[in-house]
file my_file_27.txt (compact mmCIF, N, CA and C atoms)
# COMPACT_ATOMS: atom_id res chain seq x y z
N MET B 1 -5.86 -21.10 43.92
CA MET B 1 -7.28 -21.28 43.70
C MET B 1 -7.49 -22.47 42.76
N ALA B 2 -8.49 -23.27 43.06
CA ALA B 2 -8.78 -24.44 42.25
C ALA B 2 -9.32 -24.03 40.88
N ASN B 3 -9.02 -24.83 39.90
CA ASN B 3 -9.52 -24.58 38.56
C ASN B 3 -10.97 -25.03 38.48
N PRO B 4 -11.92 -24.12 38.21
CA PRO B 4 -13.34 -24.50 38.19
C PRO B 4 -13.68 -25.50 37.08
N ARG B 5 -12.83 -25.65 36.11
CA ARG B 5 -13.08 -26.61 35.03
C ARG B 5 -12.76 -28.04 35.44
N GLN B 6 -12.17 -28.22 36.60
CA GLN B 6 -11.83 -29.57 37.05
C GLN B 6 -12.96 -30.21 37.85
N ILE B 7 -14.13 -29.65 37.80
CA ILE B 7 -15.28 -30.21 38.49
C ILE B 7 -15.91 -31.29 37.62
N VAL B 8 -16.18 -32.43 38.22
CA VAL B 8 -16.83 -33.52 37.51
C VAL B 8 -18.32 -33.44 37.78
N GLY B 9 -19.13 -33.42 36.75
CA GLY B 9 -20.57 -33.36 36.92
C GLY B 9 -21.31 -34.16 35.87
N PHE B 10 -22.19 -35.03 36.31
CA PHE B 10 -22.94 -35.87 35.39
C PHE B 10 -24.45 -35.70 35.51
N LYS B 11 -24.93 -34.95 36.50
CA LYS B 11 -26.37 -34.81 36.69
C LYS B 11 -27.01 -34.20 35.45
N GLU B 12 -28.13 -34.79 35.06
CA GLU B 12 -28.95 -34.29 33.94
C GLU B 12 -28.28 -34.40 32.58
N LEU B 13 -27.22 -35.17 32.47
CA LEU B 13 -26.50 -35.27 31.21
C LEU B 13 -27.14 -36.34 30.32
N HIS B 14 -27.68 -35.93 29.19
CA HIS B 14 -28.28 -36.83 28.20
C HIS B 14 -29.38 -37.72 28.78
N VAL B 15 -30.14 -37.21 29.73
CA VAL B 15 -31.20 -38.01 30.35
C VAL B 15 -32.44 -37.99 29.48
N GLN B 16 -33.00 -39.17 29.26
CA GLN B 16 -34.28 -39.30 28.56
C GLN B 16 -35.34 -39.68 29.59
N ARG B 17 -36.51 -39.08 29.44
CA ARG B 17 -37.60 -39.30 30.39
C ARG B 17 -38.85 -39.72 29.63
N ALA B 18 -39.73 -40.41 30.35
CA ALA B 18 -41.03 -40.78 29.80
C ALA B 18 -42.06 -40.71 30.92
N THR B 19 -43.32 -40.55 30.53
CA THR B 19 -44.42 -40.49 31.49
C THR B 19 -45.15 -41.82 31.50
N PHE B 20 -45.42 -42.33 32.70
CA PHE B 20 -46.08 -43.62 32.88
C PHE B 20 -47.25 -43.48 33.85
N ILE B 21 -48.14 -44.45 33.82
CA ILE B 21 -49.17 -44.60 34.84
C ILE B 21 -48.50 -45.24 36.05
N THR B 22 -48.90 -44.85 37.26
CA THR B 22 -48.32 -45.47 38.46
C THR B 22 -49.19 -46.62 38.94
N ASP B 23 -48.56 -47.66 39.46
CA ASP B 23 -49.34 -48.73 40.08
C ASP B 23 -49.58 -48.37 41.55
N SER B 24 -50.15 -49.27 42.31
CA SER B 24 -50.54 -48.96 43.69
C SER B 24 -49.37 -48.75 44.65
N SER B 25 -48.15 -49.10 44.23
CA SER B 25 -46.99 -48.91 45.10
C SER B 25 -46.51 -47.45 45.12
N ILE B 26 -47.00 -46.64 44.19
CA ILE B 26 -46.60 -45.23 44.09
C ILE B 26 -47.84 -44.37 44.27
N THR B 27 -47.81 -43.48 45.26
CA THR B 27 -48.94 -42.59 45.49
C THR B 27 -48.50 -41.13 45.44
N PHE B 28 -49.41 -40.29 44.99
CA PHE B 28 -49.15 -38.85 44.97
C PHE B 28 -49.28 -38.29 46.38
N LYS B 29 -48.33 -37.48 46.78
CA LYS B 29 -48.35 -36.83 48.09
C LYS B 29 -48.16 -35.34 47.88
N ARG B 30 -49.24 -34.61 48.00
CA ARG B 30 -49.25 -33.18 47.71
C ARG B 30 -48.22 -32.39 48.51
N ASP B 31 -47.96 -32.78 49.74
CA ASP B 31 -47.06 -32.03 50.61
C ASP B 31 -45.58 -32.37 50.42
N GLU B 32 -45.28 -33.33 49.57
CA GLU B 32 -43.90 -33.74 49.34
C GLU B 32 -43.33 -33.07 48.09
N PRO B 33 -42.04 -32.71 48.14
CA PRO B 33 -41.43 -32.22 46.90
C PRO B 33 -41.52 -33.31 45.82
N TYR B 34 -41.74 -32.92 44.61
CA TYR B 34 -41.87 -33.84 43.47
C TYR B 34 -43.10 -34.74 43.57
N GLY B 35 -43.99 -34.47 44.52
CA GLY B 35 -45.22 -35.24 44.64
C GLY B 35 -45.06 -36.63 45.21
N THR B 36 -43.89 -36.93 45.80
CA THR B 36 -43.64 -38.28 46.32
C THR B 36 -42.52 -38.24 47.36
N ASP B 37 -42.56 -39.21 48.25
CA ASP B 37 -41.44 -39.37 49.18
C ASP B 37 -40.46 -40.41 48.64
N ALA B 38 -40.69 -40.85 47.41
CA ALA B 38 -39.82 -41.85 46.76
C ALA B 38 -39.04 -41.24 45.60
N HIS B 39 -38.74 -39.96 45.68
CA HIS B 39 -37.99 -39.28 44.62
C HIS B 39 -36.64 -39.98 44.40
N LEU B 40 -36.33 -40.28 43.17
CA LEU B 40 -35.10 -40.96 42.72
C LEU B 40 -35.07 -42.45 43.04
N ALA B 41 -36.18 -43.00 43.50
CA ALA B 41 -36.25 -44.44 43.78
C ALA B 41 -36.26 -45.23 42.48
N PRO B 42 -35.69 -46.44 42.48
CA PRO B 42 -35.73 -47.27 41.28
C PRO B 42 -37.14 -47.81 41.04
N VAL B 43 -37.55 -47.81 39.77
CA VAL B 43 -38.86 -48.33 39.40
C VAL B 43 -38.70 -49.38 38.31
N LYS B 44 -39.72 -50.23 38.21
CA LYS B 44 -39.75 -51.27 37.17
C LYS B 44 -41.08 -51.18 36.44
N VAL B 45 -41.12 -51.71 35.24
CA VAL B 45 -42.36 -51.76 34.47
C VAL B 45 -43.22 -52.87 35.06
N THR B 46 -44.46 -52.53 35.44
CA THR B 46 -45.35 -53.50 36.08
C THR B 46 -46.56 -53.86 35.24
N GLY B 47 -46.76 -53.16 34.14
CA GLY B 47 -47.88 -53.41 33.25
C GLY B 47 -47.71 -52.56 32.01
N GLU B 48 -48.68 -52.61 31.13
CA GLU B 48 -48.58 -51.83 29.90
C GLU B 48 -48.64 -50.35 30.22
N GLY B 49 -47.53 -49.65 30.00
CA GLY B 49 -47.46 -48.23 30.27
C GLY B 49 -47.50 -47.89 31.75
N GLU B 50 -47.13 -48.85 32.62
CA GLU B 50 -47.27 -48.68 34.07
C GLU B 50 -45.96 -49.01 34.78
N VAL B 51 -45.63 -48.24 35.82
CA VAL B 51 -44.45 -48.51 36.63
C VAL B 51 -44.81 -48.60 38.10
N GLY B 52 -43.94 -49.29 38.84
CA GLY B 52 -44.07 -49.41 40.29
C GLY B 52 -42.69 -49.46 40.91
N LEU B 53 -42.67 -49.32 42.22
CA LEU B 53 -41.39 -49.35 42.94
C LEU B 53 -40.76 -50.73 42.87
N CYS B 54 -39.45 -50.77 42.80
CA CYS B 54 -38.71 -52.03 42.78
C CYS B 54 -38.62 -52.64 44.17
N ALA B 55 -38.59 -53.96 44.23
CA ALA B 55 -38.31 -54.70 45.45
C ALA B 55 -36.81 -55.02 45.47
N ASP B 56 -36.32 -55.54 46.59
CA ASP B 56 -34.91 -55.87 46.72
C ASP B 56 -34.47 -56.85 45.63
N GLY B 57 -33.41 -56.50 44.93
CA GLY B 57 -32.86 -57.36 43.89
C GLY B 57 -33.44 -57.15 42.51
N ASP B 58 -34.51 -56.36 42.39
CA ASP B 58 -35.08 -56.08 41.06
C ASP B 58 -34.10 -55.23 40.25
N VAL B 59 -34.08 -55.47 38.96
CA VAL B 59 -33.29 -54.64 38.05
C VAL B 59 -34.14 -53.43 37.68
N PRO B 60 -33.66 -52.22 37.97
CA PRO B 60 -34.50 -51.05 37.72
C PRO B 60 -34.60 -50.70 36.23
N PHE B 61 -35.80 -50.26 35.85
CA PHE B 61 -36.00 -49.70 34.51
C PHE B 61 -35.51 -48.26 34.48
N GLY B 62 -35.75 -47.54 35.57
CA GLY B 62 -35.35 -46.14 35.64
C GLY B 62 -35.55 -45.61 37.04
N ALA B 63 -35.45 -44.28 37.18
CA ALA B 63 -35.58 -43.61 38.48
C ALA B 63 -36.82 -42.73 38.47
N LEU B 64 -37.59 -42.80 39.55
CA LEU B 64 -38.80 -41.99 39.71
C LEU B 64 -38.41 -40.54 39.96
N GLU B 65 -38.86 -39.64 39.10
CA GLU B 65 -38.52 -38.23 39.27
C GLU B 65 -39.66 -37.40 39.83
N ARG B 66 -40.88 -37.68 39.41
CA ARG B 66 -42.01 -36.85 39.82
C ARG B 66 -43.29 -37.66 39.71
N VAL B 67 -44.22 -37.41 40.64
CA VAL B 67 -45.55 -38.00 40.58
C VAL B 67 -46.56 -36.86 40.54
N GLU B 68 -47.50 -36.96 39.63
CA GLU B 68 -48.53 -35.93 39.49
C GLU B 68 -49.83 -36.38 40.16
N ALA B 69 -50.70 -35.42 40.43
CA ALA B 69 -51.96 -35.69 41.13
C ALA B 69 -52.86 -36.65 40.36
N ASP B 70 -52.70 -36.71 39.04
CA ASP B 70 -53.55 -37.59 38.23
C ASP B 70 -53.03 -39.03 38.15
N GLY B 71 -52.00 -39.35 38.94
CA GLY B 71 -51.48 -40.72 38.96
C GLY B 71 -50.44 -41.01 37.91
N MET B 72 -49.95 -40.00 37.25
CA MET B 72 -48.91 -40.19 36.25
C MET B 72 -47.55 -39.89 36.88
N ALA B 73 -46.51 -40.54 36.37
CA ALA B 73 -45.17 -40.37 36.91
C ALA B 73 -44.17 -40.13 35.79
N VAL B 74 -43.18 -39.28 36.07
CA VAL B 74 -42.08 -39.04 35.14
C VAL B 74 -40.92 -39.92 35.61
N VAL B 75 -40.38 -40.70 34.67
CA VAL B 75 -39.30 -41.63 34.96
C VAL B 75 -38.12 -41.34 34.05
N ALA B 76 -36.93 -41.18 34.65
CA ALA B 76 -35.69 -41.07 33.87
C ALA B 76 -35.23 -42.50 33.60
N TYR B 77 -35.08 -42.85 32.32
CA TYR B 77 -34.79 -44.24 31.99
C TYR B 77 -33.52 -44.45 31.16
N HIS B 78 -32.89 -43.37 30.70
CA HIS B 78 -31.69 -43.54 29.88
C HIS B 78 -30.78 -42.33 30.05
N GLY B 79 -29.50 -42.56 29.99
CA GLY B 79 -28.52 -41.50 30.15
C GLY B 79 -27.85 -41.60 31.51
N PHE B 80 -27.35 -40.49 32.01
CA PHE B 80 -26.73 -40.43 33.34
C PHE B 80 -27.84 -40.19 34.35
N VAL B 81 -28.43 -41.27 34.86
CA VAL B 81 -29.62 -41.22 35.71
C VAL B 81 -29.20 -41.22 37.17
N GLU B 82 -29.79 -40.30 37.94
CA GLU B 82 -29.50 -40.21 39.37
C GLU B 82 -30.48 -41.08 40.15
N PHE B 83 -29.94 -41.93 41.01
CA PHE B 83 -30.73 -42.78 41.89
C PHE B 83 -30.40 -42.46 43.34
N ALA B 84 -31.33 -42.74 44.24
CA ALA B 84 -31.01 -42.76 45.66
C ALA B 84 -30.20 -44.03 45.89
N GLY B 85 -29.32 -44.03 46.87
CA GLY B 85 -28.55 -45.22 47.19
C GLY B 85 -27.06 -45.03 47.02
N GLU B 86 -26.35 -46.15 47.04
CA GLU B 86 -24.90 -46.12 46.95
C GLU B 86 -24.41 -47.27 46.10
N ALA B 87 -23.36 -47.02 45.34
CA ALA B 87 -22.71 -48.06 44.54
C ALA B 87 -21.30 -47.60 44.21
N GLU B 88 -20.41 -48.54 44.08
CA GLU B 88 -19.03 -48.24 43.75
C GLU B 88 -18.90 -47.96 42.26
N TYR B 89 -17.94 -47.11 41.93
CA TYR B 89 -17.66 -46.79 40.53
C TYR B 89 -17.45 -48.07 39.73
N GLY B 90 -18.09 -48.16 38.58
CA GLY B 90 -17.91 -49.28 37.67
C GLY B 90 -18.84 -50.45 37.89
N SER B 91 -19.61 -50.45 38.98
CA SER B 91 -20.48 -51.58 39.26
C SER B 91 -21.85 -51.39 38.63
N ALA B 92 -22.52 -52.49 38.36
CA ALA B 92 -23.92 -52.46 37.94
C ALA B 92 -24.77 -52.33 39.20
N VAL B 93 -26.05 -51.97 39.04
CA VAL B 93 -26.91 -51.77 40.21
C VAL B 93 -28.20 -52.57 40.12
N VAL B 94 -28.74 -52.89 41.30
CA VAL B 94 -30.08 -53.44 41.46
C VAL B 94 -30.73 -52.66 42.60
N ALA B 95 -32.03 -52.82 42.73
CA ALA B 95 -32.75 -52.15 43.82
C ALA B 95 -32.35 -52.74 45.16
N ASP B 96 -32.32 -51.90 46.19
CA ASP B 96 -31.96 -52.37 47.53
C ASP B 96 -33.17 -52.67 48.41
N GLY B 97 -34.37 -52.47 47.90
CA GLY B 97 -35.58 -52.78 48.66
C GLY B 97 -36.05 -51.68 49.59
N SER B 98 -35.28 -50.60 49.70
CA SER B 98 -35.68 -49.51 50.60
C SER B 98 -35.70 -48.17 49.87
N GLY B 99 -35.94 -48.19 48.57
CA GLY B 99 -36.06 -46.97 47.79
C GLY B 99 -34.77 -46.48 47.17
N GLY B 100 -33.75 -47.30 47.16
CA GLY B 100 -32.48 -46.93 46.55
C GLY B 100 -31.91 -48.06 45.72
N VAL B 101 -30.66 -47.91 45.32
CA VAL B 101 -29.96 -48.96 44.59
C VAL B 101 -28.70 -49.34 45.33
N ARG B 102 -28.18 -50.51 44.98
CA ARG B 102 -26.92 -51.00 45.56
C ARG B 102 -26.14 -51.68 44.44
N ALA B 103 -24.86 -51.81 44.66
CA ALA B 103 -23.98 -52.45 43.67
C ALA B 103 -24.16 -53.96 43.69
N VAL B 104 -23.95 -54.57 42.55
CA VAL B 104 -23.92 -56.03 42.44
C VAL B 104 -22.65 -56.44 41.73
N ASP B 105 -22.14 -57.60 42.07
CA ASP B 105 -20.90 -58.09 41.48
C ASP B 105 -21.14 -58.82 40.16
N THR B 106 -22.35 -59.27 39.95
CA THR B 106 -22.65 -60.05 38.75
C THR B 106 -23.19 -59.14 37.65
N GLU B 107 -23.43 -59.73 36.51
CA GLU B 107 -24.01 -58.98 35.41
C GLU B 107 -25.53 -58.96 35.49
N ALA B 108 -26.07 -59.28 36.66
CA ALA B 108 -27.52 -59.30 36.85
C ALA B 108 -28.11 -57.91 37.01
N GLY B 109 -27.26 -56.90 37.21
CA GLY B 109 -27.73 -55.54 37.41
C GLY B 109 -27.89 -54.80 36.09
N ARG B 110 -28.08 -53.49 36.24
CA ARG B 110 -28.24 -52.64 35.06
C ARG B 110 -27.32 -51.45 35.16
N GLY B 111 -26.80 -51.02 34.03
CA GLY B 111 -26.01 -49.81 33.96
C GLY B 111 -24.64 -49.93 34.59
N THR B 112 -23.99 -48.78 34.67
CA THR B 112 -22.67 -48.68 35.28
C THR B 112 -22.63 -47.45 36.16
N ALA B 113 -22.29 -47.65 37.44
CA ALA B 113 -22.16 -46.52 38.36
C ALA B 113 -20.98 -45.67 37.91
N ILE B 114 -21.23 -44.38 37.69
CA ILE B 114 -20.22 -43.48 37.17
C ILE B 114 -19.69 -42.54 38.25
N HIS B 115 -20.59 -42.07 39.10
CA HIS B 115 -20.22 -41.05 40.08
C HIS B 115 -21.08 -41.24 41.33
N ALA B 116 -20.44 -41.24 42.49
CA ALA B 116 -21.15 -41.41 43.76
C ALA B 116 -20.78 -40.28 44.71
N PRO B 117 -21.48 -39.14 44.59
CA PRO B 117 -21.21 -38.06 45.55
C PRO B 117 -21.58 -38.51 46.95
N SER B 118 -21.16 -37.79 47.94
CA SER B 118 -21.41 -38.22 49.33
C SER B 118 -22.77 -37.76 49.86
N ASP B 119 -23.75 -37.56 48.97
CA ASP B 119 -25.07 -37.09 49.41
C ASP B 119 -26.13 -38.18 49.40
N GLY B 120 -25.74 -39.45 49.32
CA GLY B 120 -26.70 -40.55 49.33
C GLY B 120 -27.30 -40.85 47.98
N THR B 121 -26.68 -40.33 46.91
CA THR B 121 -27.14 -40.64 45.56
C THR B 121 -25.98 -41.23 44.77
N VAL B 122 -26.34 -41.82 43.64
CA VAL B 122 -25.34 -42.36 42.73
C VAL B 122 -25.81 -42.08 41.31
N ILE B 123 -24.89 -41.68 40.44
CA ILE B 123 -25.20 -41.46 39.03
C ILE B 123 -24.85 -42.74 38.28
N VAL B 124 -25.83 -43.29 37.56
CA VAL B 124 -25.66 -44.55 36.84
C VAL B 124 -25.93 -44.29 35.36
N PHE B 125 -25.02 -44.71 34.52
CA PHE B 125 -25.27 -44.61 33.08
C PHE B 125 -26.05 -45.84 32.65
N ILE B 126 -27.26 -45.62 32.16
CA ILE B 126 -28.10 -46.73 31.67
C ILE B 126 -28.60 -46.42 30.29

call {"tool": "encode", "arguments": {"input": "my_file_27.txt", "output": "structure tokens"}}
result
Amino acid sequence: MANPRQIVGFKELHVQRATFITDSSITFKRDEPYGTDAHLAPVKVTGEGEVGLCADGDVPFGALERVEADGMAVVAYHGFVEFAGEAEYGSAVVADGSGGVRAVDTEAGRGTAIHAPSDGTVIVFI
């Protein structure tokens, strides 16, 4: 039998979150889990106290976790942050333009990919 202590897990580890106003790229969707179809998408700061979805190549500020009906969003911005997308262990990430992140070879990205489970997400320490 496998030793249960040999499981590697980084989700929710030391994550810091903040609430922001959403710009027009993020809309509340009542019928979607977390109030959005862009859950875990990379976001960038677009104005004072405001975030929006990243375009291809943008360096993400954090990951969109939840959108509320009043137009406010919860963003994970520090710690072991889970993003949609894929990246190799040890690489920095940038937005891929389709709601996820991808690895970059240069120092133009943010964070370090720590863990990439096979579920279409990647854990990035930022």

call {"tool": "closest_residue", "arguments": {"input": "my_file_27.txt", "among": "B:Tyr77, B:Ala108, B:Cys54, B:Ala92", "to": "B:Ile126", "atoms": "all atoms listed in the file"}}
result
B:Tyr77

call {"tool": "select_by_dssp", "arguments": {"input": "my_file_27.txt", "residues": "chain B", "states": "helix (DSSP H, G or I)", "output": "MDAnalysis selection string"}}
result
chainID B and resid 4:6 33:35

call {"tool": "select_by_dssp", "arguments": {"input": "my_file_27.txt", "residues": "chain B", "states": "strand (DSSP E or B)", "output": "NGL selection string"}}
result
:B and (16-22 or 42-47 or 50-53 or 62-67 or 72-78 or 80-85 or 92-95 or 101-104 or 110 or 112-115 or 121-125)

call {"tool": "closest_residue", "arguments": {"input": "my_file_27.txt", "among": "B:Gly57, B:Gly49, B:Gly62, B:Pro117", "to": "B:Ser98", "atoms": "all atoms listed in the file"}}
result
B:Gly57

call {"tool": "residues_near_point", "arguments": {"input": "my_file_27.txt", "point": "(-19.4, -50.3, 40.9)", "cutoff": "8 Å", "atoms": "all atoms listed in the file", "output": "list in words"}}
result
Glu86, Ala87, Glu88, Tyr89, Gly90, Ser91, Ala92, Val93, Arg102, Ala103, Val104, Asp105, Thr112, Ala113 and Ile114 of chain B

call {"tool": "residues_around", "arguments": {"input": "my_file_27.txt", "residues": "B:Val15", "least_positions_apart": "2", "cutoff": "6 Å", "atoms": "only C-alpha atoms", "output": "PDB file with N, CA and C atoms, in the frame of the given file"}}
result
ATOM      1  N   GLU B  12     -28.130 -34.790  35.060  1.00  0.00           N
ATOM      2  CA  GLU B  12     -28.950 -34.290  33.940  1.00  0.00           C
ATOM      3  C   GLU B  12     -28.280 -34.400  32.580  1.00  0.00           C
ATOM      4  N   LEU B  13     -27.220 -35.170  32.470  1.00  0.00           N
ATOM      5  CA  LEU B  13     -26.500 -35.270  31.210  1.00  0.00           C
ATOM      6  C   LEU B  13     -27.140 -36.340  30.320  1.00  0.00           C
ATOM      7  N   HIS B  78     -32.890 -43.370  30.700  1.00  0.00           N
ATOM      8  CA  HIS B  78     -31.690 -43.540  29.880  1.00  0.00           C
ATOM      9  C   HIS B  78     -30.780 -42.330  30.050  1.00  0.00           C
ATOM     10  N   GLY B  79     -29.500 -42.560  29.990  1.00  0.00           N
ATOM     11  CA  GLY B  79     -28.520 -41.500  30.150  1.00  0.00           C
ATOM     12  C   GLY B  79     -27.850 -41.600  31.510  1.00  0.00           C
ATOM     13  N   PHE B  80     -27.350 -40.490  32.010  1.00  0.00           N
ATOM     14  CA  PHE B  80     -26.730 -40.430  33.340  1.00  0.00           C
ATOM     15  C   PHE B  80     -27.840 -40.190  34.350  1.00  0.00           C
TER      16      PHE B  80
END

call {"tool": "closest_residue", "arguments": {"input": "my_file_27.txt", "among": "B:Gly9, B:Gly71, B:Gly109, B:Pro60", "to": "B:Leu40", "atoms": "only C-alpha atoms"}}
result
B:Pro60

call {"tool": "residues_near_point", "arguments": {"input": "my_file_27.txt", "point": "(-48.3, -48.9, 43.8)", "cutoff": "12 Å", "atoms": "only C-alpha atoms", "output": "ChimeraX atom specification"}}
result
/B:21-28,36,38,43-47,50-55,67,71-73

call {"tool": "closest_residue", "arguments": {"input": "my_file_27.txt", "among": "B:Asp119, B:Glu48, B:Glu68, B:Asp31", "to": "B:Ala84", "atoms": "only C-alpha atoms"}}
result
B:Asp119

call {"tool": "axis_aligned_box", "arguments": {"input": "my_file_27.txt", "around": "stretch 94-109 of chain B", "padding_each_side": "3 Å", "output": "lines of an AutoDock Vina configuration file"}}
result
center_x = -28.5
center_y = -53.3
center_z = 43.0
size_x = 21.2
size_y = 19.6
size_z = 21.2

call {"tool": "atom_distance", "arguments": {"input": "my_file_27.txt", "atom1": "atom CA of B:Gly120", "atom2": "atom CA of B:Asp37"}}
result
14.8 Å

call {"tool": "residues_around", "arguments": {"input": "my_file_27.txt", "residues": "B:Val75", "least_positions_apart": "6", "cutoff": "5 Å", "atoms": "all atoms listed in the file", "output": "JSON, numbers by chain"}}
result
{"B": [17, 18, 63, 64, 65]}

call {"tool": "closest_residue", "arguments": {"input": "my_file_27.txt", "among": "B:Glu82, B:Thr106, B:Phe125, B:Gly100", "to": "B:Lys11", "atoms": "only N, CA and C atoms"}}
result
B:Glu82

call {"tool": "atom_distance", "arguments": {"input": "my_file_27.txt", "atom1": "atom CA of B:Asp56", "atom2": "atom C of B:Ala41"}}
result
11.5 Å

call {"tool": "atom_distance", "arguments": {"input": "my_file_27.txt", "atom1": "atom N of B:Val101", "atom2": "atom CA of B:His39"}}
result
11.3 Å

call {"tool": "closest_residue", "arguments": {"input": "my_file_27.txt", "among": "B:Ile123, B:Arg30, B:Phe20, B:Val94", "to": "B:Val81", "atoms": "only N, CA and C atoms"}}
result
B:Ile123
